[in-house]
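K.L.:
Shown below is the structure under consideration.
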Amino acid sequence: MEEEIQKMKEIGLIYLDRSGGLQKFMHDCKKYNDSKQSYAVYRFVISINPSDIAELDATLGNYILHNPIKAAEIFQSVCFVAIKTLSLIEQLQTEAQISILLKPTHLPPLPSYVLSLSAFPFNYTSHRFYMSEGIVIAMGIVTKYTQGARFLCTEETCPFSEGFRYIRVHLPGATESATVRNDFVCSLCSSPLQEDMKFRVLGDKQIVEMIDAKVLNALKGYSNNKSHFRIQAFTVFLRDELANRMTIGNHYKIIGIPTCVQNGPQATACIEVSSVQLCKPNGPSFIGENFKYLLSLTSNSCWRFTAMLANIFASQVVPPGTYNTLKLAVLLSLVQTCEKESADYLDLLVVTSDTLVIDRLLNYSICLLPHGIRHPSSSDIFPSVSKDKHGTGSASIQAGSVLLAKGGICYIGDLCTYKKDKLELLQSVLESRTTTLFIPGKKYGEEADQQVTIPVQTNFWSYVDVDSSSKKHTLKDSFLIGQMDLSLLPPNLLDGFGLLLYDEFPSCRLSFPLVHHVLKKAINPEATLYRVSQQFRTQDYEEFILFAKNLHVEMSSEAENLIQGYYLASRRVRRDSMHGSNLSASALKLLISLSKAHTKLSLRKKVLEEDALIAILLLESSLTLKHVTKTPCTREIFTSRSATITCSSLSAHMAQEVMLTLMRSEVKPEAQQCETSVVFLTASFHMYFTVVV
């Protein structure tokens with residue numbers, strides 16, 4: 001056995017020399033030596049490639065994979081000999097002062113190395129490396145733990161009353177009491193040992209809660225997946241250089257040693273992490289053949305392809321040809337999702353009296369993204385702070401629905417069901433795209449208060465039920481958007497949402513195809529009512545959206561000039577002497593976001609004037625609904641000198657029809673301007689989905 005251990009030590013030294021680990025080790029030693037300070041523990045991190053080790057020596061490779069603590073002792077001996085031979089650290093006295101942390105670069109891609117809490121049995125007693133992955137749902141603040149400590153014998157005549165004979169070092173899964181306590185005794189004279197406090201070495205520790213990525217499927221409002229599975233959160237310990245390496249809501253792959261931590265009468269399964277890797281799944285590099293064929297058929301128009309997509313979209317929940325404007329906005333919002341802090345967000349707020357159909361449509365749509373979340377009413381939308389449940393008493397930040405939907409959609413349901421404080425917080429988040437948490441230090445055992453700002457990288461979807469409270473507003477006979485009352489919501493909150501859309505079919509005036517669809521689905525929920533549902537399946541739309549959202553698009557100078565001219569003219573027309581312009585600066589960002597989204601949906605990489613025109617039409621519709629009493633006639637804006645659109649620059653005849661409608665709009669008295677704008681916008685989108693299609 002001694003010969004085998006000696007051989008593994010030699011192989012370990014050869015591996016360090018060949019892999020460059022020896023040079024890094026010597027560099028770390030130089031830092032300790034230059035400090036001229038004596039430490040109880042000298043900690044070294046060694047990166048290990050199990051495949052390369054196994055090629056050099058299968059026994060050492062097996063030790064690293066299945067007995068990492070014993071393997072760390074082998075490298076500890078190698079490092080001690082190297083330090084003494086090369087005189088790397090003058091202050092080092094004993095081998096026990098060296099602490100080695102092995103970090104495997106990867107594990108064999110075999111099922112026996114994958115740890116899942118949804119599968120039984122959960123083997124936490126083997127103390128070997130496993131690989132696991134999940135989403136961060138909670139994260140504690142960084143606290144201190146004891147990396148190592150020096151103990152001395154209390155008997156003055158004992159030779160171990162000085163020196164570095166008794167060194168306690170943290171091991172994976174060990175609690176603070178296992179490293180430092182007052183019941184240790186001397187092995188030579190049996191006298192009590194006492195810690196030399198000036199040699200205690202502290203490190204950073206962070207407790208993280210993770211959960212299987214399958215939880216996202218459970219948080220979707222609609223799913224074709226009928227399988228059942230068990231989901232359980234697990235605790236992860238990040239120490240020293242790994243602290244703050246994770247972010248709430250992100251998906252990570254980790255390698256670590258599972259263990260069981262006892263906290264009073266409760267035992268918690270946890271993983272002592274050695275390495276962390278962010279998971280960024282690549283989108284599909286192709287789209288379905290049916291989408292390619294549809295794109296080729298509509299290549300003569302910049303609008304026809306997206307109009308067809310919106311027309312046939314979500315045929316599983318609504319008939320083709322209905323809710324086209326809303327479905328177009330939904331598709332634009334789906335492809336305009338990413339995890340960048342400076343992303344172009346596209347939030348949707350739908351005004352409707354038929355919440356059942358709208359809820360089904362939005363539920364169906366969020367399932368097309370991996371991070372599409374329907375907020376459950378029993379939990380928090382935004383992050384909250386609570387005490388850590390592992391007995392440390394420190395603060396733990398719990399992820400709300402909005403952080404779990406990072407890089408996707410957070411569907412929060414009916415806005416009318418939320419209280420004033422929640423609506424104010426939502427308004428603040430929509431404006432700043434951040435949420436701030438205050439952590440009182442006194443409550444959570446810290447010396448000072450802390451304030452944590454977390455970026456919110458998601459699109460928000462919601463709707464307003466105009467029939468929810470007859471006391472707050474009255475629904476008139478006409479369903480024109482200019483006659484809907486939105487006084488129940490703060491005006492600033494309405495401005496925070498990018499697009500405000502209206503329901504083209506009030507509950508009292510449902511179309512026959514929609515009624516027929518609802519009744520058929522009620523009788524047979526699994527029935528396929530339309531041929532287009534077989535040609536363009538839900539899975540096809542998932543692949544299409546993941547492909548489109550990853551396209552990188554650039555603005556053309558023509559599109560920029562059109563957007564800039566419209567924006568300046570719109571601010572000038574929408575200005576009054578008392579309050580200034582009614583058009584906020586965020587409208588320009590919204591126009592750019594809409595234009596880029598339409599370009600992505602069209603599978604192009606350059607934003608054209610045609611994309612900008614669709615963005616302008618959508619924004620005009622939204623502004624009419626947001627400011628029904630202040631919106632001027634749309635004709636005035638489009639015929640303004642700075643926003644004149646040259647029809648000859650647009651290739652399709654639909655643009656000419658739209659512009660003719662604009663120019664022929666009669667000038668109405670001020671009281672009727674809103675209705676004129678409503679009629680125009682309704683007619684414009686009607687032409688978009690009829691003439692183009």
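A note on labels: chains of the structure tokens are A, B, ... as shown, every chain counts residues from 1, and ligands are counted from 1 in their shown order.
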Report as JSON, numbers by chain: the residues of range 291-423 of chain A with a DSSP assignment of helix (DSSP H, G or I), based on the backbone of this structure.

P.N.:
{"A": [291, 292, 293, 294, 295, 296, 297, 304, 305, 306, 307, 308, 309, 310, 311, 312, 324, 325, 326, 327, 328, 329, 330, 331, 332, 333, 334, 335, 355, 356, 357, 358, 359, 360, 361, 362, 363, 364, 365, 366, 401, 402, 403, 404, 415, 416, 417, 420, 421, 422, 423]}

K.L.:
With N, CA and C atoms retained, export the selected residues as a compact mmCIF listing (two decimals), in the first residue's frame.

P.N.:
# COMPACT_ATOMS: atom_id res chain seq x y z
N PHE A 291 -42.07 26.65 -41.87
CA PHE A 291 -41.77 28.07 -41.74
C PHE A 291 -40.91 28.55 -42.92
N LYS A 292 -39.95 27.73 -43.35
CA LYS A 292 -39.13 28.09 -44.50
C LYS A 292 -39.99 28.25 -45.76
N TYR A 293 -40.94 27.33 -45.94
CA TYR A 293 -41.81 27.40 -47.11
C TYR A 293 -42.70 28.63 -47.05
N LEU A 294 -43.24 28.93 -45.86
CA LEU A 294 -44.07 30.11 -45.70
C LEU A 294 -43.26 31.38 -45.96
N LEU A 295 -42.00 31.40 -45.51
CA LEU A 295 -41.15 32.56 -45.73
C LEU A 295 -40.88 32.77 -47.22
N SER A 296 -40.67 31.68 -47.95
CA SER A 296 -40.43 31.81 -49.40
C SER A 296 -41.66 32.30 -50.13
N LEU A 297 -42.85 31.89 -49.69
CA LEU A 297 -44.09 32.32 -50.33
C LEU A 297 -44.37 33.80 -50.11
N ARG A 304 -45.93 40.48 -44.98
CA ARG A 304 -46.82 39.34 -45.17
C ARG A 304 -46.45 38.16 -44.29
N PHE A 305 -45.15 37.89 -44.13
CA PHE A 305 -44.74 36.73 -43.33
C PHE A 305 -45.18 36.89 -41.88
N THR A 306 -44.91 38.05 -41.25
CA THR A 306 -45.31 38.25 -39.86
C THR A 306 -46.82 38.29 -39.71
N ALA A 307 -47.52 38.81 -40.73
CA ALA A 307 -48.98 38.83 -40.66
C ALA A 307 -49.53 37.42 -40.69
N MET A 308 -48.94 36.55 -41.53
CA MET A 308 -49.37 35.16 -41.57
C MET A 308 -49.07 34.45 -40.26
N LEU A 309 -47.90 34.72 -39.69
CA LEU A 309 -47.56 34.11 -38.41
C LEU A 309 -48.58 34.47 -37.34
N ALA A 310 -48.91 35.75 -37.25
CA ALA A 310 -49.88 36.19 -36.25
C ALA A 310 -51.25 35.60 -36.53
N ASN A 311 -51.60 35.47 -37.80
CA ASN A 311 -52.93 34.95 -38.17
C ASN A 311 -53.13 33.53 -37.69
N ILE A 312 -52.11 32.68 -37.85
CA ILE A 312 -52.25 31.26 -37.52
C ILE A 312 -51.73 30.92 -36.14
N ASN A 324 -55.69 39.11 -33.98
CA ASN A 324 -54.44 39.20 -34.75
C ASN A 324 -53.49 40.26 -34.21
N THR A 325 -54.01 41.42 -33.85
CA THR A 325 -53.14 42.48 -33.33
C THR A 325 -52.48 42.04 -32.02
N LEU A 326 -53.27 41.44 -31.15
CA LEU A 326 -52.73 40.97 -29.88
C LEU A 326 -51.70 39.86 -30.12
N LYS A 327 -51.98 38.94 -31.01
CA LYS A 327 -51.04 37.84 -31.27
C LYS A 327 -49.75 38.36 -31.91
N LEU A 328 -49.86 39.38 -32.75
CA LEU A 328 -48.64 39.97 -33.30
C LEU A 328 -47.79 40.58 -32.19
N ALA A 329 -48.42 41.32 -31.28
CA ALA A 329 -47.69 41.92 -30.17
C ALA A 329 -47.07 40.85 -29.28
N VAL A 330 -47.78 39.75 -29.07
CA VAL A 330 -47.25 38.65 -28.26
C VAL A 330 -46.01 38.06 -28.91
N LEU A 331 -46.07 37.82 -30.21
CA LEU A 331 -44.91 37.27 -30.91
C LEU A 331 -43.73 38.23 -30.87
N LEU A 332 -44.00 39.52 -31.01
CA LEU A 332 -42.92 40.51 -30.93
C LEU A 332 -42.28 40.51 -29.55
N SER A 333 -43.08 40.40 -28.52
CA SER A 333 -42.54 40.37 -27.16
C SER A 333 -41.76 39.09 -26.90
N LEU A 334 -42.19 37.98 -27.47
CA LEU A 334 -41.49 36.71 -27.27
C LEU A 334 -40.09 36.73 -27.88
N VAL A 335 -39.96 37.30 -29.07
CA VAL A 335 -38.64 37.31 -29.71
C VAL A 335 -37.75 38.42 -29.16
N THR A 355 -61.76 37.89 -20.04
CA THR A 355 -60.50 37.47 -19.43
C THR A 355 -60.21 35.99 -19.67
N LEU A 356 -61.21 35.17 -19.87
CA LEU A 356 -60.99 33.74 -20.03
C LEU A 356 -60.16 33.45 -21.27
N VAL A 357 -60.57 33.99 -22.41
CA VAL A 357 -59.86 33.73 -23.66
C VAL A 357 -58.48 34.38 -23.64
N ILE A 358 -58.40 35.63 -23.16
CA ILE A 358 -57.11 36.32 -23.12
C ILE A 358 -56.14 35.58 -22.19
N ASP A 359 -56.63 35.11 -21.06
CA ASP A 359 -55.78 34.37 -20.13
C ASP A 359 -55.26 33.09 -20.76
N ARG A 360 -56.12 32.39 -21.49
CA ARG A 360 -55.69 31.17 -22.16
C ARG A 360 -54.63 31.47 -23.21
N LEU A 361 -54.82 32.53 -23.95
CA LEU A 361 -53.87 32.89 -25.01
C LEU A 361 -52.51 33.25 -24.43
N LEU A 362 -52.49 34.06 -23.37
CA LEU A 362 -51.21 34.45 -22.77
C LEU A 362 -50.55 33.27 -22.06
N ASN A 363 -51.37 32.42 -21.43
CA ASN A 363 -50.82 31.22 -20.80
C ASN A 363 -50.13 30.32 -21.81
N TYR A 364 -50.79 30.14 -22.94
CA TYR A 364 -50.22 29.30 -23.99
C TYR A 364 -48.91 29.90 -24.50
N SER A 365 -48.87 31.19 -24.63
CA SER A 365 -47.72 31.86 -25.26
C SER A 365 -46.47 31.81 -24.38
N ILE A 366 -46.62 31.94 -23.07
CA ILE A 366 -45.42 31.95 -22.22
C ILE A 366 -44.73 30.59 -22.20
N SER A 401 -41.19 35.51 -8.67
CA SER A 401 -41.47 35.06 -10.02
C SER A 401 -40.68 35.83 -11.05
N VAL A 402 -40.43 37.11 -10.78
CA VAL A 402 -39.77 37.95 -11.78
C VAL A 402 -38.32 37.53 -12.02
N LEU A 403 -37.63 37.02 -11.01
CA LEU A 403 -36.26 36.58 -11.20
C LEU A 403 -36.19 35.18 -11.79
N LEU A 404 -37.18 34.35 -11.51
CA LEU A 404 -37.23 33.04 -12.15
C LEU A 404 -37.51 33.16 -13.63
N LEU A 415 -54.15 42.97 -13.31
CA LEU A 415 -53.59 44.04 -12.48
C LEU A 415 -54.56 44.51 -11.41
N CYS A 416 -55.84 44.39 -11.68
CA CYS A 416 -56.84 44.89 -10.73
C CYS A 416 -56.84 44.12 -9.42
N THR A 417 -56.22 42.94 -9.39
CA THR A 417 -56.22 42.13 -8.17
C THR A 417 -55.10 42.50 -7.21
N LYS A 420 -52.30 48.56 -3.81
CA LYS A 420 -51.63 49.78 -4.24
C LYS A 420 -50.12 49.68 -4.09
N ASP A 421 -49.64 49.11 -2.98
CA ASP A 421 -48.19 49.04 -2.77
C ASP A 421 -47.51 48.14 -3.80
N LYS A 422 -48.17 47.06 -4.20
CA LYS A 422 -47.61 46.18 -5.22
C LYS A 422 -47.57 46.87 -6.58
N LEU A 423 -48.61 47.64 -6.88
CA LEU A 423 -48.65 48.36 -8.15
C LEU A 423 -47.57 49.44 -8.19

K.L.:
Using only C-alpha atoms, which residues sit within 9 Å of Cys279 in chain A once same-chain residues fewer than 2 positions away are excluded, as a PyMOL selection string?

P.N.:
chain A and resi 133+250-253+277+281

K.L.:
Would you output that residue set with N, CA and C atoms, as a PDB file, in the first residue's frame?

P.N.:
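Dumped to part.pdb:
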ATOM      1  N   GLU A 133     -27.277  20.102 -11.684  1.00  0.00           N
ATOM      2  CA  GLU A 133     -27.602  21.405 -12.250  1.00  0.00           C
ATOM      3  C   GLU A 133     -28.987  21.829 -11.802  1.00  0.00           C
ATOM      4  N   ASN A 250     -30.483  32.354 -12.465  1.00  0.00           N
ATOM      5  CA  ASN A 250     -29.658  31.735 -13.500  1.00  0.00           C
ATOM      6  C   ASN A 250     -29.615  30.225 -13.355  1.00  0.00           C
ATOM      7  N   HIS A 251     -29.286  29.577 -14.446  1.00  0.00           N
ATOM      8  CA  HIS A 251     -29.193  28.120 -14.514  1.00  0.00           C
ATOM      9  C   HIS A 251     -27.716  27.741 -14.476  1.00  0.00           C
ATOM     10  N   TYR A 252     -27.330  26.880 -13.524  1.00  0.00           N
ATOM     11  CA  TYR A 252     -25.924  26.526 -13.349  1.00  0.00           C
ATOM     12  C   TYR A 252     -25.739  25.015 -13.325  1.00  0.00           C
ATOM     13  N   LYS A 253     -24.545  24.613 -13.748  1.00  0.00           N
ATOM     14  CA  LYS A 253     -24.085  23.238 -13.596  1.00  0.00           C
ATOM     15  C   LYS A 253     -22.963  23.254 -12.569  1.00  0.00           C
ATOM     16  N   GLN A 277     -20.446  26.387 -13.211  1.00  0.00           N
ATOM     17  CA  GLN A 277     -20.468  26.729 -14.635  1.00  0.00           C
ATOM     18  C   GLN A 277     -21.864  27.203 -15.017  1.00  0.00           C
ATOM     19  N   PRO A 281     -28.015  27.499 -22.728  1.00  0.00           N
ATOM     20  CA  PRO A 281     -28.388  26.619 -23.849  1.00  0.00           C
ATOM     21  C   PRO A 281     -28.443  27.388 -25.156  1.00  0.00           C
TER      22      PRO A 281
END

K.L.:
Using DSSP on the backbone coordinates, identify the residues of range 151-329 of chain A assigned to strand (DSSP E); present them as JSON, numbers by chain.

P.N.:
{"A": [151, 152, 153, 166, 167, 168, 169, 193, 194, 195, 201, 202, 203, 204, 205, 206, 207, 208, 209, 210, 211, 234, 235, 236, 237, 238, 239, 251, 252, 253, 254, 255, 256, 257, 258, 259, 260, 261, 262, 263, 266, 267, 268, 269, 270, 271, 272, 273, 274, 275, 276, 277, 278]}

K.L.:
Tell me, as a PyMOL selection string, which residues lie within 10 Å of Lys84 in chain A, counting only C-alpha atoms; anything in the same chain fewer than 4 positions away does not count.

P.N.:
chain A and resi 79-80+88-90+92-95

K.L.:
Please report the interatomic distance between CA of Asp212 in chain A and CA of Ser396 in chain A in Å with one decimal.

P.N.:
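Between CA of Asp212 in chain A and CA of Ser396 in chain A the gap works out to 19.3 Å.
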
K.L.:
Which residues are close to range 193-195 of chain A, i.e. within 6 Å by only C-alpha atoms, leaving aside same-chain residues fewer than 4 positions away? Reply as a PyMOL selection string.

P.N.:
chain A and resi 150-154+184-185

K.L.:
Got a sec: who's within 12 Å of Leu22 in chain A, counting only C-alpha atoms, leaving out chain neighbours fewer than 2 positions off, as a PyMOL selection string?

P.N.:
chain A and resi 12-20+24-29+44-48+75+78-79+82-83+86+88

K.L.:
Show me, as a Markdown table, the residues of range 93-157 of chain A having an atom within 10 Å of range 376-391 of chain A, each with the closest atom pair and its distance in Å, using only C-alpha atoms.

P.N.:
| residue | atom | partner | partner_atom | distance |
| --- | --- | --- | --- | --- |
| A:Ile137 | CA | A:Pro383 | CA | 9.7 |
| A:Ala138 | CA | A:Pro383 | CA | 9.0 |
| A:Met139 | CA | A:Asp388 | CA | 9.1 |
| A:Gly140 | CA | A:Asp388 | CA | 7.0 |
| A:Ile141 | CA | A:Asp388 | CA | 9.5 |

K.L.:
Print the selection's residues with all heavy atoms to a file, as a PDB file, in the first residue's frame.

P.N.:
ATOM      1  N   ILE A 137     -32.814  29.746  -6.635  1.00  0.00           N
ATOM      2  CA  ILE A 137     -34.079  30.331  -6.190  1.00  0.00           C
ATOM      3  C   ILE A 137     -33.924  31.147  -4.910  1.00  0.00           C
ATOM      4  O   ILE A 137     -34.847  31.872  -4.534  1.00  0.00           O
ATOM      5  CB  ILE A 137     -35.150  29.246  -5.982  1.00  0.00           C
ATOM      6  CG1 ILE A 137     -34.706  28.239  -4.920  1.00  0.00           C
ATOM      7  CG2 ILE A 137     -35.466  28.547  -7.290  1.00  0.00           C
ATOM      8  CD1 ILE A 137     -35.784  27.247  -4.537  1.00  0.00           C
ATOM      9  N   ALA A 138     -32.798  31.021  -4.233  1.00  0.00           N
ATOM     10  CA  ALA A 138     -32.552  31.810  -3.019  1.00  0.00           C
ATOM     11  C   ALA A 138     -31.057  31.912  -2.805  1.00  0.00           C
ATOM     12  O   ALA A 138     -30.300  31.004  -3.161  1.00  0.00           O
ATOM     13  CB  ALA A 138     -33.226  31.188  -1.799  1.00  0.00           C
ATOM     14  N   MET A 139     -30.647  33.018  -2.205  1.00  0.00           N
ATOM     15  CA  MET A 139     -29.214  33.248  -2.002  1.00  0.00           C
ATOM     16  C   MET A 139     -29.004  34.060  -0.739  1.00  0.00           C
ATOM     17  O   MET A 139     -29.613  35.115  -0.556  1.00  0.00           O
ATOM     18  CB  MET A 139     -28.623  33.975  -3.213  1.00  0.00           C
ATOM     19  CG  MET A 139     -27.153  34.310  -3.094  1.00  0.00           C
ATOM     20  SD  MET A 139     -26.522  35.013  -4.612  1.00  0.00           S
ATOM     21  CE  MET A 139     -26.598  33.592  -5.693  1.00  0.00           C
ATOM     22  N   GLY A 140     -28.150  33.552   0.122  1.00  0.00           N
ATOM     23  CA  GLY A 140     -27.827  34.268   1.345  1.00  0.00           C
ATOM     24  C   GLY A 140     -26.719  35.276   1.116  1.00  0.00           C
ATOM     25  O   GLY A 140     -26.005  35.236   0.115  1.00  0.00           O
ATOM     26  N   ILE A 141     -26.559  36.179   2.057  1.00  0.00           N
ATOM     27  CA  ILE A 141     -25.458  37.130   1.970  1.00  0.00           C
ATOM     28  C   ILE A 141     -24.167  36.420   2.376  1.00  0.00           C
ATOM     29  O   ILE A 141     -24.177  35.378   3.032  1.00  0.00           O
ATOM     30  CB  ILE A 141     -25.706  38.358   2.862  1.00  0.00           C
ATOM     31  CG1 ILE A 141     -25.812  37.937   4.338  1.00  0.00           C
ATOM     32  CG2 ILE A 141     -26.956  39.100   2.434  1.00  0.00           C
ATOM     33  CD1 ILE A 141     -25.929  39.110   5.281  1.00  0.00           C
TER      34      ILE A 141
END

K.L.:
Counting only C-alpha atoms, figure out which residue out of A:Leu603, A:Ala243, A:Leu519, A:Val81 gets nearest to Val142 in chain A.

P.N.:
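Of A:Leu603, A:Ala243, A:Leu519, A:Val81, the one nearest Val142 in chain A is A:Ala243, counting only C-alpha atoms.
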
K.L.:
Find the distance between CA of Ser593 in chain A and CA of Leu426 in chain A and write it in Å to one decimal.

P.N.:
20.5 Å

K.L.:
With distances taken over only C-alpha atoms, which residue among A:Ser51, A:Asn459, A:Gln451, A:Asn290 lies nearest Leu499 in chain A?

P.N.:
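Between A:Ser51, A:Asn459, A:Gln451, A:Asn290, the residue approaching Leu499 in chain A most closely is A:Asn459.
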
K.L.:
Could you name the residues that touch Asp344 in chain A at 9 Å or less, counting only C-alpha atoms, but leaving out those on the same chain fewer than 3 positions away, as a JSON list (two decimals) with all heavy atoms, in the first residue's frame?

P.N.:
[["chain", "number", "residue", "atom", "x", "y", "z"],
["A", 336, "GLN", "N", -38.32, 39.33, -28.38],
["A", 336, "GLN", "CA", -37.53, 40.44, -27.82],
["A", 336, "GLN", "C", -37.23, 40.15, -26.36],
["A", 336, "GLN", "O", -37.47, 40.96, -25.47],
["A", 336, "GLN", "CB", -38.29, 41.76, -27.98],
["A", 336, "GLN", "CG", -37.44, 43.01, -27.88],
["A", 336, "GLN", "CD", -36.44, 43.16, -29.01],
["A", 336, "GLN", "OE1", -36.12, 42.22, -29.71],
["A", 336, "GLN", "NE2", -35.94, 44.36, -29.20],
["A", 337, "THR", "N", -36.71, 38.97, -26.08],
["A", 337, "THR", "CA", -36.35, 38.57, -24.72],
["A", 337, "THR", "C", -34.89, 38.14, -24.71],
["A", 337, "THR", "O", -34.44, 37.41, -25.59],
["A", 337, "THR", "CB", -37.21, 37.39, -24.22],
["A", 337, "THR", "OG1", -37.16, 36.32, -25.19],
["A", 337, "THR", "CG2", -38.65, 37.81, -24.02],
["A", 338, "CYS", "N", -34.16, 38.61, -23.71],
["A", 338, "CYS", "CA", -32.77, 38.20, -23.53],
["A", 338, "CYS", "C", -32.37, 38.55, -22.10],
["A", 338, "CYS", "O", -33.14, 39.15, -21.35],
["A", 338, "CYS", "CB", -31.84, 38.87, -24.54],
["A", 338, "CYS", "SG", -31.69, 40.65, -24.33],
["A", 340, "LYS", "N", -29.60, 40.32, -21.20],
["A", 340, "LYS", "CA", -28.69, 41.46, -21.11],
["A", 340, "LYS", "C", -29.34, 42.58, -20.30],
["A", 340, "LYS", "O", -30.54, 42.81, -20.41],
["A", 340, "LYS", "CB", -28.34, 41.96, -22.51],
["A", 340, "LYS", "CG", -27.60, 40.94, -23.36],
["A", 340, "LYS", "CD", -27.30, 41.52, -24.73],
["A", 340, "LYS", "CE", -26.57, 40.49, -25.60],
["A", 340, "LYS", "NZ", -26.31, 41.04, -26.96],
["A", 589, "LYS", "N", -37.37, 54.49, -27.13],
["A", 589, "LYS", "CA", -36.84, 53.15, -26.90],
["A", 589, "LYS", "C", -37.84, 52.08, -27.33],
["A", 589, "LYS", "O", -37.46, 51.04, -27.89],
["A", 589, "LYS", "CB", -36.48, 52.96, -25.43],
["A", 589, "LYS", "CG", -35.31, 53.81, -24.95],
["A", 589, "LYS", "CD", -35.00, 53.49, -23.49],
["A", 589, "LYS", "CE", -33.81, 54.32, -23.00],
["A", 589, "LYS", "NZ", -33.50, 54.02, -21.57],
["A", 590, "LEU", "N", -39.13, 52.34, -27.05],
["A", 590, "LEU", "CA", -40.16, 51.38, -27.43],
["A", 590, "LEU", "C", -40.24, 51.23, -28.94],
["A", 590, "LEU", "O", -40.38, 50.12, -29.46],
["A", 590, "LEU", "CB", -41.51, 51.82, -26.85],
["A", 590, "LEU", "CG", -42.72, 50.95, -27.21],
["A", 590, "LEU", "CD1", -42.50, 49.52, -26.74],
["A", 590, "LEU", "CD2", -43.98, 51.52, -26.61],
["A", 592, "ILE", "N", -37.85, 51.66, -31.11],
["A", 592, "ILE", "CA", -36.68, 50.89, -31.54],
["A", 592, "ILE", "C", -36.85, 49.41, -31.21],
["A", 592, "ILE", "O", -36.53, 48.53, -32.01],
["A", 592, "ILE", "CB", -35.41, 51.46, -30.89],
["A", 592, "ILE", "CG1", -35.17, 52.89, -31.38],
["A", 592, "ILE", "CG2", -34.19, 50.58, -31.18],
["A", 592, "ILE", "CD1", -34.01, 53.59, -30.69],
["A", 593, "SER", "N", -37.36, 49.14, -29.99],
["A", 593, "SER", "CA", -37.57, 47.75, -29.58],
["A", 593, "SER", "C", -38.58, 47.06, -30.49],
["A", 593, "SER", "O", -38.38, 45.91, -30.91],
["A", 593, "SER", "CB", -38.04, 47.71, -28.12],
["A", 593, "SER", "OG", -38.27, 46.38, -27.71],
["A", 594, "LEU", "N", -39.68, 47.73, -30.80],
["A", 594, "LEU", "CA", -40.69, 47.16, -31.68],
["A", 594, "LEU", "C", -40.13, 46.92, -33.08],
["A", 594, "LEU", "O", -40.41, 45.88, -33.70],
["A", 594, "LEU", "CB", -41.91, 48.08, -31.75],
["A", 594, "LEU", "CG", -42.83, 48.10, -30.53],
["A", 594, "LEU", "CD1", -43.82, 49.25, -30.62],
["A", 594, "LEU", "CD2", -43.58, 46.78, -30.39],
["A", 596, "LYS", "N", -36.99, 46.40, -33.95],
["A", 596, "LYS", "CA", -36.06, 45.26, -33.91],
["A", 596, "LYS", "C", -36.80, 43.94, -33.76],
["A", 596, "LYS", "O", -36.43, 42.93, -34.38],
["A", 596, "LYS", "CB", -35.07, 45.44, -32.76],
["A", 596, "LYS", "CG", -34.05, 46.54, -32.97],
["A", 596, "LYS", "CD", -33.07, 46.62, -31.81],
["A", 596, "LYS", "CE", -32.00, 47.68, -32.05],
["A", 596, "LYS", "NZ", -31.03, 47.76, -30.92]]

K.L.:
Skipping near chain neighbours, those fewer than 3 positions away, what residues fall within 12 Å of Asp495 in chain A using only C-alpha atoms, listed as a list in words?

P.N.:
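The neighbour list is Asp347, Leu348, Leu349, Leu426, Gln427, Ser428, Leu430, Glu431, Leu489, Pro490, Pro491, Asn492, Gly498, Leu499, Leu500, Asn582, Leu583, Ser584, Ala585, Ser586, Ala587, Leu590, Leu619, Ser622, Leu623, Thr624, Leu625, Lys626 and His627 of chain A.
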